[in-house]
$ cat run14.cif   # mmCIF, C-alpha atoms
data_final
loop_
_atom_site.label_atom_id
_atom_site.label_comp_id
_atom_site.auth_asym_id
_atom_site.auth_seq_id
_atom_site.Cartn_x
_atom_site.Cartn_y
_atom_site.Cartn_z
CA MET A 1 -17.77 0.30 -11.92
CA LYS A 2 -17.31 0.07 -8.16
CA THR A 3 -13.99 -1.39 -7.07
CA LYS A 4 -14.13 -4.37 -4.73
CA TYR A 5 -11.25 -4.14 -2.30
CA PRO A 6 -9.74 -7.02 -0.32
CA ALA A 7 -11.21 -7.56 3.15
CA ASN A 8 -7.97 -6.35 4.74
CA ILE A 9 -8.65 -2.81 3.52
CA ALA A 10 -11.81 -2.31 5.59
CA LYS A 11 -10.10 -3.88 8.58
CA GLY A 12 -7.19 -1.52 8.00
CA TYR A 13 -9.52 1.46 8.28
CA THR A 14 -10.89 0.07 11.54
CA TYR A 15 -7.42 -0.59 12.92
CA SER A 16 -6.24 2.90 11.96
CA PHE A 17 -9.19 4.47 13.76
CA LEU A 18 -8.61 2.44 16.92
CA SER A 19 -4.84 2.87 17.02
CA TRP A 20 -4.92 6.62 16.32
CA PHE A 21 -7.91 7.43 18.54
CA GLY A 22 -6.77 10.63 20.25
CA ILE A 23 -8.36 10.05 23.64
CA THR A 24 -5.01 10.63 25.39
CA GLY A 25 -4.25 13.77 23.37
CA LEU A 26 -4.49 15.98 26.47
CA TRP A 27 -1.68 14.09 28.17
CA VAL A 28 0.10 17.30 29.20
CA MET A 29 -2.86 18.30 31.36
CA TYR A 30 -3.18 14.73 32.63
CA LEU A 31 0.44 14.55 33.79
CA GLN A 32 0.01 17.85 35.60
CA THR A 33 -2.95 16.41 37.50
CA LYS A 34 -0.69 13.51 38.51
CA GLY A 35 1.76 15.92 40.13
CA LEU A 36 4.45 16.29 37.46
CA ASN A 37 5.96 19.72 36.98
CA LEU A 38 6.59 21.25 33.56
CA VAL A 39 10.22 20.10 33.46
CA GLU A 40 9.18 16.50 34.10
CA VAL A 41 6.42 16.77 31.48
CA GLY A 42 8.97 18.04 28.96
CA LEU A 43 11.36 15.22 29.86
CA CYS A 44 8.61 12.65 29.23
CA GLU A 45 8.10 14.16 25.78
CA SER A 46 11.85 14.07 25.10
CA ILE A 47 12.10 10.47 26.29
CA PHE A 48 9.30 9.51 23.92
CA HIS A 49 11.09 10.98 20.89
CA VAL A 50 14.49 9.54 21.80
CA ALA A 51 12.94 6.10 22.28
CA SER A 52 11.03 6.47 19.02
CA PHE A 53 14.26 7.30 17.18
CA ILE A 54 15.97 4.23 18.67
CA PHE A 55 13.07 1.88 17.89
CA GLU A 56 12.38 3.11 14.35
CA VAL A 57 14.59 0.76 12.32
CA PRO A 58 14.45 -2.33 14.61
CA SER A 59 10.65 -2.18 14.72
CA GLY A 60 10.54 -2.17 10.91
CA ILE A 61 12.75 -5.25 10.77
CA ILE A 62 10.32 -7.11 13.04
CA ALA A 63 7.61 -7.00 10.36
CA ASP A 64 10.12 -8.16 7.75
CA ARG A 65 11.51 -11.02 9.84
CA PHE A 66 8.23 -12.22 11.28
CA SER A 67 4.96 -10.80 9.90
CA TYR A 68 2.91 -7.64 9.69
CA ARG A 69 0.37 -9.05 12.11
CA PHE A 70 3.13 -9.88 14.60
CA GLY A 71 4.34 -6.27 14.67
CA LEU A 72 0.84 -4.79 14.86
CA PHE A 73 -0.18 -7.23 17.61
CA TRP A 74 2.74 -6.41 19.87
CA GLY A 75 2.34 -2.73 19.08
CA ARG A 76 -1.13 -2.80 20.62
CA VAL A 77 0.17 -4.84 23.57
CA ALA A 78 2.80 -2.16 24.17
CA ALA A 79 0.08 0.51 23.95
CA ILE A 80 -1.96 -1.28 26.62
CA ALA A 81 1.09 -1.62 28.90
CA SER A 82 1.90 2.07 28.39
CA ALA A 83 -1.65 3.18 29.22
CA LEU A 84 -1.74 0.99 32.33
CA ILE A 85 1.55 2.38 33.63
CA ILE A 86 0.56 6.00 32.99
CA LEU A 87 -2.86 5.38 34.55
CA LEU A 88 -1.54 3.83 37.76
CA SER A 89 1.79 5.60 38.25
CA HIS A 90 2.67 8.40 40.64
CA HIS A 91 6.43 8.53 40.02
CA PHE A 92 8.29 10.28 37.23
CA TRP A 93 10.39 7.28 36.19
CA LEU A 94 7.34 5.08 35.83
CA PHE A 95 5.74 7.72 33.63
CA ALA A 96 8.98 7.77 31.61
CA LEU A 97 8.73 3.98 31.18
CA GLY A 98 5.14 4.43 30.02
CA PHE A 99 6.29 6.89 27.35
CA VAL A 100 9.04 4.50 26.20
CA LEU A 101 6.41 1.79 25.68
CA SER A 102 4.18 4.33 23.94
CA ALA A 103 7.03 5.09 21.53
CA LEU A 104 7.51 1.36 20.93
CA SER A 105 3.82 0.89 20.16
CA TYR A 106 3.95 3.81 17.72
CA ASN A 107 6.99 2.46 15.91
CA LEU A 108 5.63 -1.08 15.66
CA GLN A 109 2.62 0.18 13.72
CA SER A 110 4.31 3.04 11.85
CA GLY A 111 4.55 1.95 8.24
CA THR A 112 3.54 -1.63 9.04
CA ILE A 113 -0.17 -1.16 8.46
CA ASP A 114 0.58 0.70 5.21
CA ALA A 115 2.78 -2.13 3.94
CA LEU A 116 0.17 -4.72 4.89
CA LEU A 117 -2.55 -2.90 2.97
CA TYR A 118 -0.33 -2.36 -0.07
CA ASP A 119 0.59 -6.05 -0.23
CA SER A 120 -3.10 -6.90 0.17
CA LEU A 121 -3.82 -4.99 -3.03
CA ILE A 122 -1.14 -6.77 -5.07
CA THR A 123 -2.97 -10.09 -5.32
CA ASP A 124 -6.02 -8.50 -6.92
CA LYS A 125 -3.86 -6.18 -9.05
CA LEU A 126 -5.28 -3.09 -7.36
CA THR A 127 -2.04 -1.34 -6.43
CA ALA A 128 -3.11 1.64 -8.57
CA LYS A 129 -5.83 2.21 -5.95
CA TYR A 130 -3.31 2.46 -3.11
CA PRO A 131 -3.16 6.30 -3.14
CA GLN A 132 -6.95 6.34 -2.63
CA VAL A 133 -6.61 3.84 0.22
CA THR A 134 -3.93 5.90 1.97
CA SER A 135 -6.03 9.03 1.45
CA ASN A 136 -8.97 7.31 3.15
CA ILE A 137 -6.72 6.24 6.00
CA ASP A 138 -5.56 9.83 6.50
CA VAL A 139 -9.19 10.95 6.74
CA VAL A 140 -9.94 8.18 9.25
CA ILE A 141 -6.91 9.17 11.34
CA GLU A 142 -7.93 12.83 11.38
CA PHE A 143 -11.43 11.95 12.56
CA ALA A 144 -10.02 9.54 15.15
CA GLN A 145 -7.53 12.02 16.57
CA THR A 146 -9.96 14.96 16.61
CA GLY A 147 -12.85 12.94 18.00
CA GLY A 148 -10.67 11.46 20.73
CA VAL A 149 -9.39 14.85 21.86
CA VAL A 150 -12.95 16.27 21.92
CA ILE A 151 -14.12 13.38 24.12
CA ALA A 152 -11.06 13.85 26.36
CA GLY A 153 -12.01 17.50 26.70
CA PHE A 154 -15.40 16.53 28.11
CA LEU A 155 -13.70 14.20 30.61
CA VAL A 156 -11.29 16.87 31.85
CA HIS A 157 -13.72 18.10 34.53
CA TRP A 158 -15.11 14.67 35.33
CA HIS A 159 -12.87 11.60 35.51
CA PHE A 160 -9.71 12.38 33.58
CA GLU A 161 -8.35 8.88 34.24
CA LEU A 162 -11.09 7.48 32.01
CA THR A 163 -9.14 8.69 28.99
CA TYR A 164 -6.49 6.04 29.59
CA VAL A 165 -9.10 3.43 30.45
CA ILE A 166 -10.72 4.10 27.07
CA ALA A 167 -7.27 3.92 25.44
CA ILE A 168 -6.80 0.45 26.89
CA PHE A 169 -10.11 -0.74 25.48
CA THR A 170 -9.46 0.73 22.04
CA SER A 171 -6.12 -1.10 22.00
CA ILE A 172 -7.87 -4.35 22.94
CA PHE A 173 -10.28 -3.89 20.05
CA GLY A 174 -7.23 -3.10 17.92
CA ILE A 175 -5.75 -6.47 18.82
CA ILE A 176 -8.99 -8.17 17.80
CA THR A 177 -8.82 -6.36 14.45
CA VAL A 178 -5.20 -7.50 13.97
CA LEU A 179 -6.22 -11.11 14.57
CA LEU A 180 -8.82 -10.76 11.81
CA PHE A 181 -6.25 -9.62 9.25
CA LYS A 182 -5.14 -12.11 6.62
CA GLU A 183 -1.37 -11.92 6.29
CA PRO A 184 -0.47 -11.19 2.64
CA GLN A 185 2.29 -13.42 1.31
CA VAL A 186 3.17 -11.28 -1.70
CA GLY A 187 6.69 -9.93 -1.72
CA LYS A 188 7.81 -12.07 1.19
CA SER A 189 11.12 -13.75 0.52
CA THR A 190 12.06 -16.93 2.37
CA ASN A 191 15.70 -16.70 1.31
CA PRO A 192 17.85 -15.61 4.31
CA ILE A 193 20.22 -13.83 1.91
CA ASP A 194 17.42 -11.44 0.94
CA LYS A 195 16.83 -10.38 4.54
CA GLN A 196 18.08 -6.84 5.08
CA THR A 197 20.18 -5.92 8.09
CA ILE A 198 19.93 -2.70 10.07
CA SER A 199 23.19 -1.41 8.59
CA VAL A 200 21.97 -2.01 5.02
CA ILE A 201 18.69 -0.22 5.74
CA VAL A 202 20.47 2.76 7.30
CA LYS A 203 22.93 3.03 4.40
CA THR A 204 20.17 2.78 1.80
CA ALA A 205 18.07 5.41 3.57
CA TYR A 206 21.08 7.74 3.75
CA GLN A 207 21.81 7.31 0.04
CA VAL A 208 18.20 8.03 -0.93
CA PHE A 209 18.09 11.03 1.39
CA LYS A 210 21.34 12.33 -0.10
CA ARG A 211 20.39 11.85 -3.77
CA ASN A 212 16.74 12.90 -3.75
CA GLN A 213 16.76 16.63 -3.05
CA GLN A 214 12.99 17.05 -3.37
CA LEU A 215 12.31 14.27 -0.87
CA ARG A 216 14.94 15.67 1.49
CA ASN A 217 13.45 19.16 1.37
CA LEU A 218 9.92 17.88 1.95
CA MET A 219 11.02 15.79 4.93
CA LEU A 220 12.95 18.68 6.49
CA PHE A 221 10.04 21.08 5.94
CA ASP A 222 7.59 18.61 7.42
CA ALA A 223 9.81 18.05 10.46
CA PHE A 224 10.29 21.76 11.06
CA PHE A 225 6.70 22.87 10.37
CA CYS A 226 4.98 20.06 12.29
CA ARG A 227 7.32 20.49 15.24
CA ARG A 228 6.42 24.18 15.49
CA LEU A 229 2.70 23.33 15.43
CA TYR A 230 3.16 20.60 18.02
CA ASN A 231 5.09 22.95 20.30
CA LEU A 232 2.17 25.39 20.09
CA PHE A 233 -0.24 22.57 20.95
CA LEU A 234 1.79 21.67 24.05
CA LEU A 235 2.09 25.32 25.03
CA PHE A 236 -1.65 25.92 24.80
CA SER A 237 -2.31 22.71 26.75
CA ILE A 238 -0.18 24.08 29.58
CA ILE A 239 -1.71 27.57 29.41
CA TYR A 240 -5.29 26.28 29.34
CA GLY A 241 -4.53 23.84 32.10
CA ASN A 242 -3.09 26.50 34.37
CA HIS A 243 -5.25 29.53 33.60
CA SER A 244 -8.49 28.70 31.82
CA PHE A 245 -10.09 25.34 32.38
CA PHE A 246 -8.77 23.81 35.57
CA TRP A 247 -6.00 23.91 38.12
CA VAL A 248 -4.21 21.26 40.12
CA ASP A 249 -4.62 21.47 43.89
CA ASP A 250 -2.95 18.94 46.18
CA LEU A 251 -2.68 16.53 43.24
CA SER A 252 -6.48 16.39 42.96
CA PHE A 253 -8.53 17.57 40.03
CA ASN A 254 -10.97 20.28 41.00
CA GLY A 255 -12.60 20.94 37.63
CA SER A 256 -13.01 24.59 38.53
CA VAL A 257 -12.75 27.61 36.29
CA ARG A 258 -10.04 30.12 37.08
CA LEU A 259 -11.39 33.61 36.71
CA ASP A 260 -8.24 35.62 37.28
#
$ encode --input "run14.cif" --output "structure tokens"
Amino acid sequence: MKTKYPANIAKGYTYSFLSWFGITGLWVMYLQTKGLNLVEVGLCESIFHVASFIFEVPSGIIADRFSYRFGLFWGRVAAIASALIILLSHHFWLFALGFVLSALSYNLQSGTIDALLYDSLITDKLTAKYPQVTSNIDVVIEFAQTGGVVIAGFLVHWHFELTYVIAIFTSIFGIITVLLFKEPQVGKSTNPIDKQTISVIVKTAYQVFKRNQQLRNLMLFDAFFCRRLYNLFLLFSIIYGNHSFFWVDDLSFNGSVRLD
């Protein structure tokens, strides 16, 4: 018998595709075309991760204090602001601000969409199907990220700025999808006493991390392994940008092939 999922599930797939669309995945090359050197590119990456670390817990509290839709909405707004700044900027500190907003947009959606979809399944007693839903979301994200990077690759020798223009439009469509979500009320407590503070969340997370050795090992392995892969991705972006596909000349994009 085919399972009938709540309407939020299909919208969640759409939102995940739009929010994870990897059209700006070649941002290292893009920043080089805007005149940033490798040190400045690395600093932008570092600023993103520091900002993401700072925003992680507060962004989660926003969904708890207000609503899932509130967090997802402002996450897409932050993504639009970030793309606009990176698209129009020519100064390092403005690019840095763009990456801070990008980190904020990431944190506002990180975990929020998953919680919204899980709560959407509770009403119809379909929580046992949640692993299948998250599996489908992972597939959607992989297609979105890969497809976006492939399209960005075609734009490298044409109008590279279009990647961020497309990112703005996907975020706008993401906002429309958020507005179509129906906020699930399950598990929402209206008692102020039940509202968790940042300190309580941090202490609870530390206790779980300390007690659960398997979870701790998996998280550490994931952090180490994925970081190594990501470093390779950035390295190859720089190498291909400088020696294979194009070079930057007087801050203009030639789209020429280097043969040496």
$ closest_atom_pairs --input "run14.cif" --of "segment 70-167 of chain A" --to "segment 47-57 of chain A" --cutoff "12 Å" --atoms "all atoms listed in the file" --output "Markdown table"
| residue | atom | partner | partner_atom | distance |
| --- | --- | --- | --- | --- |
| A:Gly75 | CA | A:Phe55 | CA | 11.7 |
| A:Ser82 | CA | A:Phe48 | CA | 11.4 |
| A:Phe92 | CA | A:Ile47 | CA | 11.6 |
| A:Trp93 | CA | A:Ile47 | CA | 10.5 |
| A:Leu94 | CA | A:Ile47 | CA | 11.9 |
| A:Phe95 | CA | A:Ile47 | CA | 10.1 |
| A:Ala96 | CA | A:Ile47 | CA | 6.7 |
| A:Leu97 | CA | A:Ile47 | CA | 8.8 |
| A:Gly98 | CA | A:Phe48 | CA | 9.0 |
| A:Phe99 | CA | A:Phe48 | CA | 5.3 |
| A:Val100 | CA | A:Phe48 | CA | 5.5 |
| A:Leu101 | CA | A:Phe48 | CA | 8.4 |
| A:Ser102 | CA | A:Phe48 | CA | 7.3 |
| A:Ala103 | CA | A:Ser52 | CA | 4.9 |
| A:Leu104 | CA | A:Phe55 | CA | 6.4 |
| A:Ser105 | CA | A:Ser52 | CA | 9.2 |
| A:Tyr106 | CA | A:Ser52 | CA | 7.7 |
| A:Asn107 | CA | A:Glu56 | CA | 5.6 |
| A:Leu108 | CA | A:Glu56 | CA | 8.1 |
| A:Gln109 | CA | A:Glu56 | CA | 10.2 |
| A:Ser110 | CA | A:Glu56 | CA | 8.4 |
| A:Gly111 | CA | A:Glu56 | CA | 10.0 |
| A:Thr112 | CA | A:Glu56 | CA | 11.3 |
$ resolve_selection --input "run14.cif" --expression "the PyMOL selection byres ((chain A and resi 156-169) around 6)" --output "list in words"
Ile23, Thr24, Ile80, Ala83, Gly153, Phe154, Leu155, Thr170, Ser171, Ile172 and Gly255 of chain A
$ closest_residue --input "run14.cif" --among "A:Ala81, A:Cys44, A:Leu218, A:Thr177" --to "Gln32 of chain A" --atoms "all atoms listed in the file"
A:Cys44
$ residues_around --input "run14.cif" --residues "Ile176 of chain A" --least-positions-apart "5" --cutoff "12 Å" --atoms "only C-alpha atoms" --output "ChimeraX atom specification"
/A:11-12,14-15,18-19,69,72-73,76-77,169-171,181
$ residues_around --input "run14.cif" --residues "Leu117 of chain A" --least-positions-apart "2" --cutoff "12 Å" --atoms "only C-alpha atoms" --output "count of residues only"
39
$ atom_distance --input "run14.cif" --atom1 "atom CA of Gln145 of chain A" --atom2 "atom CA of Trp20 of chain A"
6.0 Å
$ atom_distance --input "run14.cif" --atom1 "atom CA of Leu116 of chain A" --atom2 "atom CA of Ile85 of chain A"
29.6 Å
$ closest_residue --input "run14.cif" --among "A:Lys125, A:Arg65, A:Arg216, A:His91" --to "Leu31 of chain A" --atoms "all atoms listed in the file"
A:His91
